[in-house]
>>> print(open('protein30.txt').read())   # compact mmCIF, C-alpha atoms
# COMPACT_ATOMS: atom_id res chain seq x y z
CA MET A 26 54.85 54.97 86.23
CA LYS A 27 52.37 57.68 86.96
CA HIS A 28 53.11 61.37 86.55
CA GLY A 29 53.00 61.96 90.31
CA GLN A 30 55.47 59.18 90.99
CA VAL A 31 57.84 60.60 88.38
CA LYS A 32 57.60 63.98 90.07
CA ILE A 33 58.33 62.47 93.50
CA GLN A 34 61.29 60.55 92.07
CA GLN A 35 62.54 63.71 90.38
CA MET A 36 62.26 65.61 93.63
CA ALA A 37 64.06 62.85 95.54
CA PHE A 38 66.92 62.89 93.07
CA MET A 39 67.04 66.66 93.24
CA LEU A 40 67.15 66.58 97.04
CA ILE A 41 69.96 64.01 96.99
CA ALA A 42 71.89 66.08 94.47
CA VAL A 43 71.42 69.28 96.45
CA THR A 44 72.45 67.54 99.72
CA LEU A 45 75.54 66.09 98.06
CA PHE A 46 76.44 69.45 96.61
CA LEU A 47 76.02 71.20 99.95
CA ALA A 48 78.08 68.49 101.68
CA LEU A 49 80.87 68.96 99.15
CA VAL A 50 80.78 72.74 99.58
CA LEU A 51 80.88 72.29 103.37
CA ILE A 52 83.88 69.95 103.14
CA PHE A 53 85.62 72.40 100.82
CA ILE A 54 85.02 75.30 103.20
CA LEU A 55 86.20 73.28 106.21
CA VAL A 56 89.38 72.16 104.43
CA ILE A 57 90.19 75.75 103.47
CA LYS A 58 89.39 77.00 106.96
CA PHE A 59 91.63 74.44 108.68
CA SER A 60 94.50 74.87 106.24
CA GLY A 61 94.18 78.62 106.87
CA LEU A 62 94.43 78.01 110.61
CA LYS A 63 97.68 76.10 110.21
CA GLU A 64 99.04 78.78 107.93
CA GLY A 65 97.90 81.47 110.37
CA ALA A 66 99.66 79.76 113.27
CA ARG A 67 102.89 79.52 111.25
CA GLU A 68 102.68 83.17 110.22
CA LEU A 69 102.08 84.15 113.84
CA GLU A 70 105.17 82.21 114.91
CA GLU A 71 107.22 83.89 112.21
CA ARG A 72 106.00 87.31 113.27
CA ASN A 73 106.75 86.49 116.92
CA ALA A 74 110.27 85.42 115.99
CA MET A 75 110.83 88.64 114.08
CA LEU A 76 109.43 90.77 116.88
CA LEU A 77 111.50 88.91 119.46
CA VAL A 78 114.70 89.18 117.47
CA SER A 79 114.18 92.91 116.91
CA ARG A 80 113.83 93.67 120.63
CA LEU A 81 115.86 90.94 122.32
CA ALA A 82 119.16 92.81 122.21
CA ASN A 83 117.64 95.69 124.16
CA SER A 84 116.12 93.50 126.88
CA PRO A 85 117.78 93.71 130.34
CA GLU A 86 119.13 90.14 130.11
CA PHE A 87 121.16 90.96 126.99
CA SER A 88 121.71 94.72 126.78
CA CYS A 89 124.95 96.55 127.53
CA GLU A 90 123.08 99.16 129.62
CA GLU A 91 125.84 101.72 130.34
CA SER A 92 128.77 99.33 130.72
CA PHE A 93 130.28 100.45 127.41
CA GLY A 94 129.30 104.09 127.42
CA LYS A 95 125.95 105.78 126.98
CA ASN A 96 123.56 105.62 124.04
CA LYS A 97 124.38 102.08 123.01
CA ILE A 98 121.47 100.48 121.21
CA ASN A 99 121.18 96.92 119.93
CA CYS A 100 124.21 96.23 122.07
CA ILE A 101 124.69 92.84 123.71
CA ASP A 102 127.02 92.46 126.67
CA ALA A 103 129.02 89.34 125.74
CA ASP A 104 130.26 88.75 129.30
CA LYS A 105 126.70 88.94 130.62
CA LEU A 106 125.53 86.61 127.87
CA MET A 107 128.14 84.00 128.80
CA MET A 108 126.92 84.04 132.39
CA LEU A 109 123.34 83.82 131.17
CA LYS A 110 124.32 80.83 129.05
CA GLU A 111 125.63 79.07 132.15
CA ASN A 112 122.21 79.50 133.74
CA ALA A 113 120.20 78.90 130.57
CA GLY A 114 118.20 76.12 132.24
CA LYS A 115 116.40 78.64 134.42
CA TYR A 116 115.39 80.66 131.35
CA GLU A 117 114.28 77.70 129.25
CA ASP A 118 110.69 78.87 128.83
CA PHE A 119 111.27 82.55 129.45
CA TRP A 120 111.42 83.71 125.82
CA GLY A 121 109.11 81.02 124.45
CA VAL A 122 111.53 79.91 121.74
CA PRO A 123 113.71 76.78 121.60
CA ASN A 124 116.79 78.37 120.01
CA ILE A 125 118.65 81.60 120.59
CA GLU A 126 122.20 82.11 119.44
CA VAL A 127 124.53 85.01 118.82
CA ARG A 128 126.94 84.56 115.93
CA LYS A 129 129.91 86.89 115.53
CA ILE A 130 130.31 87.93 111.89
CA PHE A 131 133.05 90.56 112.03
CA PRO A 132 136.00 90.29 112.67
CA LYS A 133 135.69 86.96 110.94
CA ILE A 134 136.85 83.70 112.48
CA GLU A 135 137.30 81.10 109.74
CA SER A 136 136.03 78.03 111.58
CA GLU A 137 132.86 77.86 113.66
CA LYS A 138 133.78 77.74 117.30
CA ILE A 139 131.10 77.46 119.97
CA CYS A 140 131.78 79.54 123.06
CA THR A 141 132.32 77.86 126.40
CA LEU A 142 133.82 79.36 129.53
CA ASN A 143 137.17 77.89 128.44
CA SER A 144 137.13 79.04 124.81
CA TYR A 145 135.62 82.51 125.40
CA PRO A 146 136.41 85.06 123.92
CA ASP A 147 138.28 83.26 121.10
CA CYS A 148 135.07 81.81 119.67
CA ASN A 149 132.29 83.01 117.43
CA ILE A 150 129.02 81.33 118.42
CA ILE A 151 127.29 81.82 121.76
CA ARG A 152 124.48 79.30 121.91
CA LEU A 153 122.11 80.36 124.64
CA LEU A 154 119.30 77.89 124.00
CA SER A 155 119.62 75.02 121.58
CA LYS A 156 116.84 72.49 121.86
CA ASN A 157 116.03 71.71 118.24
CA VAL A 158 117.90 73.50 115.52
CA GLY A 159 115.77 73.94 112.44
CA GLY A 160 112.43 75.35 111.33
CA PHE A 161 111.83 79.02 110.80
CA ASP A 162 114.44 81.51 111.97
CA ALA A 163 114.82 85.25 112.16
CA SER A 164 118.02 87.19 112.59
CA ASN A 165 119.11 90.70 113.31
CA PHE A 166 122.36 92.66 113.49
CA VAL A 167 123.69 93.46 116.96
CA ILE A 168 126.86 94.84 118.42
CA LEU A 169 128.57 92.39 120.77
CA CYS A 170 130.66 94.23 123.35
CA ARG A 171 133.09 93.00 125.98
CA LYS A 172 135.95 94.30 128.08
CA ASP A 173 139.36 93.55 126.60
CA THR A 174 142.92 94.57 127.38
CA TYR A 175 145.71 95.93 125.21
CA GLU A 176 149.16 96.18 126.74
CA GLY A 177 147.61 95.85 130.17
CA GLU A 178 145.11 98.63 129.56
CA PRO A 179 141.40 97.77 129.53
CA TYR A 180 139.22 98.98 126.68
CA ASP A 181 135.78 98.31 125.27
CA LYS A 182 135.78 96.02 122.28
CA CYS A 183 132.60 95.92 120.24
CA GLU A 184 132.24 93.47 117.36
CA ILE A 185 129.50 92.87 114.84
CA ALA A 186 127.25 89.87 115.37
CA LYS A 187 123.88 88.47 114.42
CA ILE A 188 121.33 87.32 116.93
CA MET A 189 119.28 84.38 115.67
CA VAL A 190 115.99 83.08 116.97
CA SER A 191 114.44 79.94 115.57
CA TYR A 192 111.31 77.91 116.03
CA SER A 193 111.37 74.19 115.51
CA MET B 25 35.16 77.37 61.86
CA THR B 26 32.39 74.93 62.81
CA SER B 27 30.56 75.32 66.09
CA ALA B 28 31.80 71.88 67.35
CA LYS B 29 35.39 72.79 66.68
CA SER B 30 35.09 76.24 68.25
CA GLN B 31 33.47 74.65 71.32
CA LYS B 32 36.39 72.19 71.64
CA LEU B 33 38.88 75.05 71.35
CA TRP B 34 36.97 76.98 74.00
CA LEU B 35 37.19 73.97 76.30
CA VAL B 36 40.95 73.76 75.67
CA ILE B 37 41.37 77.47 76.46
CA VAL B 38 39.34 77.06 79.67
CA LYS B 39 41.43 74.00 80.59
CA MET B 40 44.66 75.87 79.90
CA GLY B 41 43.33 78.71 81.98
CA LYS B 42 42.78 76.27 84.85
CA ASN B 43 46.29 74.86 84.34
CA ASN B 44 47.71 78.37 84.27
CA ALA B 45 46.14 79.01 87.62
CA ARG B 46 48.40 76.30 89.08
CA ARG B 47 51.46 76.94 86.90
CA ALA B 48 53.11 80.09 85.74
CA THR B 49 53.89 78.47 82.39
CA PRO B 50 52.54 75.34 80.74
CA ALA B 51 54.35 72.07 81.42
CA SER B 52 54.35 71.08 77.78
CA THR B 53 55.26 73.04 74.68
CA ARG B 54 52.23 71.57 72.90
CA ASN B 55 48.58 71.99 73.77
CA GLU B 56 45.91 69.33 73.68
CA LEU B 57 45.31 70.01 70.01
CA ASN B 58 48.99 69.16 69.42
CA ASN B 59 49.77 72.78 68.46
CA PHE B 60 52.90 74.54 69.70
CA VAL B 61 52.23 77.05 72.42
CA SER B 62 54.45 79.76 73.77
CA CYS B 63 56.45 78.13 76.66
CA LYS B 64 59.02 80.15 78.55
CA ARG B 65 59.35 77.76 81.50
CA SER B 66 62.28 75.75 80.16
CA GLN B 67 64.06 78.93 79.13
CA GLU B 68 63.59 80.41 82.58
CA GLU B 69 64.88 77.21 84.17
CA MET B 70 67.93 77.23 81.92
CA VAL B 71 68.64 80.85 82.78
CA GLY B 72 68.17 80.04 86.48
CA PHE B 73 70.48 77.05 86.24
CA ALA B 74 73.10 79.11 84.41
CA MET B 75 72.88 81.80 87.11
CA ILE B 76 73.31 79.22 89.87
CA VAL B 77 76.32 77.75 88.06
CA ILE B 78 77.84 81.23 87.68
CA ILE B 79 77.23 82.12 91.34
CA VAL B 80 78.70 78.82 92.57
CA ALA B 81 81.70 79.24 90.24
CA VAL B 82 82.31 82.75 91.55
CA ILE B 83 82.10 81.55 95.18
CA ILE B 84 84.53 78.69 94.44
CA LEU B 85 86.91 81.09 92.70
CA ILE B 86 86.84 83.43 95.71
CA PHE B 87 87.64 80.51 98.05
CA ILE B 88 90.46 79.30 95.80
CA ASN B 89 91.84 82.82 95.61
CA PHE B 90 91.86 83.08 99.42
CA SER B 91 93.46 79.66 99.82
CA ILE B 92 96.17 80.29 97.22
CA ARG B 93 97.06 83.83 98.27
CA LYS B 94 99.88 83.76 100.81
CA GLU B 95 101.92 86.42 102.51
CA VAL B 96 105.39 86.25 101.08
CA LYS B 97 108.17 86.77 103.58
CA GLU B 98 110.51 89.53 102.60
CA PRO B 99 114.11 88.35 102.13
CA VAL B 100 115.35 91.55 103.77
CA GLU B 101 113.44 93.18 106.61
CA SER B 102 113.52 96.93 107.29
CA TYR B 103 114.74 96.45 110.85
CA GLU B 104 117.78 94.51 109.58
CA VAL B 105 118.90 97.41 107.42
CA GLU B 106 118.23 99.98 110.16
CA ASN B 107 120.07 97.91 112.74
CA PHE B 108 122.96 97.30 110.39
CA ILE B 109 123.75 101.03 110.19
CA GLN B 110 123.44 101.52 113.94
CA VAL B 111 125.59 98.48 114.66
CA VAL B 112 128.28 99.47 112.16
CA LEU B 113 128.60 102.92 113.73
CA GLN B 114 129.28 101.35 117.13
CA TYR B 115 131.93 98.91 115.92
CA THR B 116 135.32 99.32 117.57
CA SER B 117 137.75 100.10 114.77
CA GLU B 118 141.52 99.74 114.65
CA CYS B 119 141.91 103.49 114.56
CA GLU B 120 143.23 104.72 117.86
CA ASP B 121 143.55 108.15 119.39
CA TYR B 122 144.63 109.27 122.87
CA MET B 123 141.27 108.11 124.27
CA GLY B 124 141.67 104.57 122.94
CA TYR B 125 140.20 102.63 120.02
CA LEU B 126 137.52 104.59 118.26
CA PRO B 127 134.06 103.47 117.19
CA LEU B 128 133.43 103.83 113.45
CA GLN B 129 131.12 106.78 114.07
CA LYS B 130 134.12 108.76 115.33
CA VAL B 131 136.32 107.48 112.51
CA ILE B 132 133.78 108.93 110.03
CA ILE B 133 134.07 112.31 111.75
CA LYS B 134 137.89 112.01 111.75
CA CYS B 135 137.84 111.08 108.05
CA ASN B 136 135.62 114.06 107.28
CA ASP B 137 138.20 116.29 109.00
CA TYR B 138 141.09 114.56 107.11
CA GLU B 139 142.67 113.43 110.37
CA LYS B 140 144.95 110.47 111.03
CA CYS B 141 144.92 107.69 113.60
CA LEU B 142 147.66 107.41 116.25
CA ASP B 143 149.59 104.87 114.17
CA GLY B 144 149.77 107.38 111.29
CA LYS B 145 147.20 105.67 109.12
CA GLU B 146 144.61 107.88 107.42
CA ALA B 147 141.20 107.68 109.13
CA CYS B 148 139.55 107.46 105.69
CA GLU B 149 141.70 104.46 104.78
CA VAL B 150 140.69 102.65 107.98
CA LEU B 151 137.04 103.58 107.36
CA ASN B 152 137.11 102.32 103.79
CA GLU B 153 138.84 99.02 104.67
CA THR B 154 136.65 98.31 107.68
CA LEU B 155 133.34 99.15 106.04
CA THR B 156 134.18 97.15 102.92
CA GLN B 157 134.92 94.08 105.03
CA ILE B 158 131.88 94.51 107.29
CA THR B 159 129.41 94.87 104.42
CA GLU B 160 130.96 91.90 102.62
CA GLU B 161 130.51 89.74 105.70
CA GLY B 162 127.11 91.10 106.65
CA TRP B 163 125.46 91.06 103.22
CA LYS B 164 126.57 88.12 101.14
CA PHE B 165 125.17 88.72 97.68
CA GLY B 166 124.99 86.73 94.46
CA ASN B 167 122.63 84.87 92.18
CA ASN B 168 122.08 82.09 94.71
CA SER B 169 121.74 84.51 97.58
CA LEU B 170 118.62 86.37 98.66
CA THR B 171 120.54 89.65 98.54
CA LYS B 172 121.45 90.77 95.02
CA GLY B 173 123.50 93.79 95.94
CA TYR B 174 123.87 96.84 98.17
CA TYR B 175 125.20 100.33 98.35
CA LEU B 176 126.55 102.38 101.22
CA ASN B 177 126.96 106.11 100.99
CA ILE B 178 128.39 108.43 103.64
CA THR B 179 127.98 112.11 102.87
CA ASP B 180 128.48 115.48 104.48
CA GLY B 181 126.00 117.67 102.63
CA GLU B 182 127.14 117.56 99.01
CA LYS B 183 130.51 116.03 99.84
CA THR B 184 130.84 112.24 99.56
CA ILE B 185 133.04 110.71 102.25
CA LEU B 186 132.63 107.09 101.22
CA PHE B 187 130.68 105.28 98.52
CA LEU B 188 130.48 101.51 98.29
CA GLU B 189 128.43 99.63 95.73
CA ARG B 190 128.40 95.89 95.13
CA GLY B 191 126.26 93.50 93.10
CA ASN B 192 123.19 94.44 91.09
CA THR B 193 120.54 97.02 91.73
CA THR B 194 116.99 95.69 91.49
CA SER B 195 113.54 97.18 91.92
CA ASN B 196 113.14 95.47 95.31
CA TYR B 197 115.11 97.11 98.05
CA LYS B 198 115.15 98.16 101.69
CA GLY B 199 117.09 101.16 102.82
CA ALA B 200 117.78 103.23 105.90
CA THR B 201 119.47 106.52 106.69
CA GLN B 202 121.22 107.56 109.89
CA ILE B 203 122.10 111.18 110.53
CA LEU B 204 125.12 111.75 112.75
CA GLY B 205 124.85 114.66 115.13
CA LYS B 206 127.69 116.67 113.69
CA ASP B 207 128.16 118.49 110.37
CA ASN B 208 125.10 117.04 108.54
CA LEU B 209 126.84 113.72 108.26
CA GLN B 210 124.56 111.12 106.76
CA VAL B 211 125.00 107.37 106.43
CA LYS B 212 122.74 105.75 103.88
CA PHE B 213 122.54 102.01 103.26
CA THR B 214 120.34 100.17 100.76
CA SER B 215 120.08 96.45 100.24
CA TYR B 216 118.67 95.04 96.96
CA TYR B 217 116.94 91.66 96.80
>>> encode(input="protein30.txt", output="structure tokens")
Amino acid sequence: MKHGQVKIQQMAFMLIAVTLFLALVLIFILVIKFSGLKEGARELEERNAMLLVSRLANSPEFSCEESFGKNKINCIDADKLMMLKENAGKYEDFWGVPNIEVRKIFPKIESEKICTLNSYPDCNIIRLLSKNVGGFDASNFVILCRKDTYEGEPYDKCEIAKIMVSYS
Amino acid sequence: MTSAKSQKLWLVIVKMGKNNARRATPASTRNELNNFVSCKRSQEEMVGFAMIVIIVAVIILIFINFSIRKEVKEPVESYEVENFIQVVLQYTSECEDYMGYLPLQKVIIKCNDYEKCLDGKEACEVLNETLTQITEEGWKFGNNSLTKGYYLNITDGEKTILFLERGNTTSNYKGATQILGKDNLQVKFTSYY
């Protein structure tokens, strides 16, 4: 084999090697980029859930407004929420999440009891939306207020609850 | 040196000069007289190759670093701790006065003034019982739990009205303070994780 041919062969091998190397680098970059996208989307969903859960209690659909006195923050009107639950179908895509529930944590009820119009207020879980339970969730403390009576006299009863938002 | 030999050497030098015009360094480490000549080409190539390897390795390391590094979700968020204090203060306690059942915020004020509830129970006793139960339900702690411990402190200036501490204190924590309008009352809660 002549010297020139050897040089051409050497160059061809070099070109193949360089092309292969660049292809590998490109694949590596693409894999990282796409895995980053997935991760980014998940992080964005988590952040959305946290933002939603931190402001949901003060939204007009949930908040106590001035029904239980002034200056109530992070206060959810339980009676309003029960009515909202009955019309949950209309709000299916309103908040952009598949699951929203309010879970009473104090005073404690031993067994889990989901609230319906019949069981309310002797229950501890108000499930507003419940498409697919699972995935990432975020929760926040809220005060769950309702009108109650004691010896025929009405009074405001506020209990401690957690509002939970989850993405499937 | 004979004239024939010096002529041959001159020819070699001229030839090498011609070769050097095309190449920066000679292709071979030996000249046409089979003597070693100074050849830096292979050394330069090795250095170049090493530099390329180092640069590529650094780039790969940077990519790996970016792909491995993830944002870790905090087990306890600041807003949870802040909300917890606000929510606790609005809780309807079992302490009653002539206006009805009192929120814990008013029970704290009553306790600070050493007052009693309508049923004769000390406001401080109600406050202590209620807050102990609420924090136990709200912040489950333990080795298998994300929360390792917490402390709750209610003060009026230098005076401590209530102090609750459970679990272990760690270097990771989130805390919040709420000042009540009256008498420099301060509610401080810290959760350790």
>>> interface_residues(input="protein30.txt", of="chain A", to="chain B", cutoff="6 Å", atoms="all atoms listed in the file", output="PyMOL selection string")
chain A and resi 165-168+182-184
>>> residues_around(input="protein30.txt", residues="Phe161 in chain A", least_positions_apart="2", cutoff="9 Å", atoms="all atoms listed in the file", output="PyMOL selection string")
chain A and resi 67+70-71+74+159+163+190-193
>>> closest_residue(input="protein30.txt", among="B:Trp163, B:Cys141, B:Pro99, B:Leu155", to="Lys187 in chain A", atoms="only C-alpha atoms")
B:Trp163
>>> residues_around(input="protein30.txt", residues="Arg80 in chain A", least_positions_apart="4", cutoff="10 Å", atoms="all atoms listed in the file", output="list in words")
Met75, Leu76, Ser84, Asn99 and Asn165 of chain A
>>> residues_near_point(input="protein30.txt", point="(115.6, 100.4, 124.5)", cutoff="10 Å", atoms="all atoms listed in the file", output="MDAnalysis selection string")
chainID A and resid 80:85 88 90 96:100
>>> residues_around(input="protein30.txt", residues="Leu204 in chain B", least_positions_apart="6", cutoff="8 Å", atoms="all atoms listed in the file", output="number ranges by chain")
B: 129, 210-211
>>> residues_around(input="protein30.txt", residues="Ile125 in chain A", least_positions_apart="3", cutoff="7 Å", atoms="all atoms listed in the file", output="JSON, numbers by chain")
{"A": [152, 153, 154, 155, 189, 190, 191]}
>>> write_last_selection(input="protein30.txt", atoms="C-alpha atoms", output="PDB file, keeping the file's coordinate frame")
ATOM      1  CA  ARG A 152     124.480  79.300 121.910  1.00  0.00           C
ATOM      2  CA  LEU A 153     122.110  80.360 124.640  1.00  0.00           C
ATOM      3  CA  LEU A 154     119.300  77.890 124.000  1.00  0.00           C
ATOM      4  CA  SER A 155     119.620  75.020 121.580  1.00  0.00           C
ATOM      5  CA  MET A 189     119.280  84.380 115.670  1.00  0.00           C
ATOM      6  CA  VAL A 190     115.990  83.080 116.970  1.00  0.00           C
ATOM      7  CA  SER A 191     114.440  79.940 115.570  1.00  0.00           C
TER       8      SER A 191
END
>>> atom_distance(input="protein30.txt", atom1="CA of Asp137 in chain B", atom2="CA of Thr156 in chain B")
20.5 Å
>>> closest_residue(input="protein30.txt", among="A:Gln35, A:Gln30, A:Ser164, A:Asn73", to="Glu126 in chain A", atoms="only C-alpha atoms")
A:Ser164
>>> residues_around(input="protein30.txt", residues="range 191-202 of chain B", least_positions_apart="5", cutoff="6 Å", atoms="all atoms listed in the file", output="NGL selection string")
:B and (102 or 106 or 172-173 or 210-217)
>>> atom_distance(input="protein30.txt", atom1="CA of Phe73 in chain B", atom2="CA of Leu51 in chain A")
20.6 Å
>>> atom_distance(input="protein30.txt", atom1="CA of Phe131 in chain A", atom2="CA of Gly177 in chain A")
23.9 Å
>>> closest_residue(input="protein30.txt", among="A:Pro146, A:Glu137, A:Asp162, A:Pro132", to="Asp104 in chain A", atoms="all atoms listed in the file")
A:Pro146
